[in-house]
Amino acid sequence: MRARTVSVAILLVLTAFAAGCGRRAGHEPVSTTDGATAVATPTDSAAAARRPCVDAIAESPSGPVPDVCKSLSETQYALAYVDGVDKAEGRG
């Protein structure tokens, strides 16, 4: 239950951060040929970079930050942490 509370708290912080910034990191505006602006989403490589971190967190959710996670941004780590806790609890 405590892990779920932590997960919800992290998601609330991330939501507030994203709403306050107006533009999330890794989502850069891209002009289209018709003059409209689209938002480029992170590539699969960003998810692939997070995967080892998620696995390490799933092995020890309450441990210190795993070495494989130290290269991630705070936002990427928070998302990896939530995914790792879910995986540890059998939901991911």
# chains A, B, ... in the order shown; residues from 1 in each chain; ligands from 1
$ residues_around --residues "segment 48-59 of chain A" --least-positions-apart "3" --cutoff "9 Å" --atoms "only C-alpha atoms" --output "PyMOL selection string"
chain A and resi 43-45+62-70+72+76-77+79-89
$ write_last_selection --atoms "N, CA and C atoms" --output "short mmCIF file (atom, residue, chain, number, x, y, z; two decimals), in the first residue's frame"
data_model
loop_
_atom_site.label_atom_id
_atom_site.label_comp_id
_atom_site.auth_asym_id
_atom_site.auth_seq_id
_atom_site.Cartn_x
_atom_site.Cartn_y
_atom_site.Cartn_z
N THR A 43 11.43 9.15 -28.63
CA THR A 43 11.53 7.94 -29.43
C THR A 43 11.53 6.71 -28.54
N ASP A 44 11.48 5.57 -29.19
CA ASP A 44 11.54 4.32 -28.46
C ASP A 44 12.88 4.16 -27.75
N SER A 45 13.91 4.87 -28.22
CA SER A 45 15.21 4.76 -27.56
C SER A 45 15.16 5.31 -26.14
N SER A 62 12.80 -0.38 -2.61
CA SER A 62 13.10 0.51 -1.49
C SER A 62 14.60 0.77 -1.33
N GLY A 63 15.40 0.25 -2.24
CA GLY A 63 16.84 0.44 -2.16
C GLY A 63 17.27 1.79 -2.68
N PRO A 64 18.59 2.03 -2.68
CA PRO A 64 19.10 3.30 -3.22
C PRO A 64 18.93 3.36 -4.74
N VAL A 65 19.17 4.52 -5.31
CA VAL A 65 19.05 4.68 -6.77
C VAL A 65 20.07 3.75 -7.44
N PRO A 66 19.60 2.83 -8.29
CA PRO A 66 20.52 1.93 -8.97
C PRO A 66 21.45 2.70 -9.91
N ASP A 67 22.66 2.17 -10.09
CA ASP A 67 23.65 2.83 -10.96
C ASP A 67 23.13 3.02 -12.38
N VAL A 68 22.34 2.06 -12.89
CA VAL A 68 21.84 2.17 -14.27
C VAL A 68 20.84 3.31 -14.42
N CYS A 69 20.36 3.86 -13.31
CA CYS A 69 19.37 4.94 -13.35
C CYS A 69 20.00 6.32 -13.24
N LYS A 70 21.24 6.40 -12.88
CA LYS A 70 21.86 7.69 -12.58
C LYS A 70 22.02 8.60 -13.79
N LEU A 72 19.64 9.03 -16.00
CA LEU A 72 18.30 9.51 -16.36
C LEU A 72 18.02 10.87 -15.72
N GLN A 76 12.54 11.24 -15.96
CA GLN A 76 12.68 9.87 -16.47
C GLN A 76 12.83 8.89 -15.31
N TYR A 77 13.58 9.26 -14.29
CA TYR A 77 13.75 8.38 -13.14
C TYR A 77 12.42 8.19 -12.41
N LEU A 79 9.41 8.32 -13.61
CA LEU A 79 8.58 7.42 -14.41
C LEU A 79 9.08 5.99 -14.32
N ALA A 80 10.40 5.81 -14.36
CA ALA A 80 10.98 4.47 -14.24
C ALA A 80 10.69 3.89 -12.86
N TYR A 81 10.73 4.73 -11.83
CA TYR A 81 10.46 4.26 -10.48
C TYR A 81 9.02 3.74 -10.36
N VAL A 82 8.09 4.50 -10.89
CA VAL A 82 6.68 4.08 -10.84
C VAL A 82 6.51 2.75 -11.59
N ASP A 83 7.12 2.66 -12.77
CA ASP A 83 7.02 1.42 -13.55
C ASP A 83 7.69 0.26 -12.82
N GLY A 84 8.82 0.52 -12.17
CA GLY A 84 9.53 -0.52 -11.43
C GLY A 84 8.75 -1.02 -10.24
N VAL A 85 8.10 -0.12 -9.50
CA VAL A 85 7.27 -0.51 -8.37
C VAL A 85 6.08 -1.33 -8.87
N ASP A 86 5.47 -0.89 -9.94
CA ASP A 86 4.35 -1.65 -10.51
C ASP A 86 4.80 -3.05 -10.91
N LYS A 87 5.97 -3.13 -11.52
CA LYS A 87 6.50 -4.43 -11.95
C LYS A 87 6.78 -5.32 -10.73
N ALA A 88 7.33 -4.73 -9.68
CA ALA A 88 7.62 -5.49 -8.45
C ALA A 88 6.34 -6.03 -7.81
N GLU A 89 5.27 -5.28 -7.95
CA GLU A 89 3.98 -5.69 -7.36
C GLU A 89 3.16 -6.54 -8.32
#
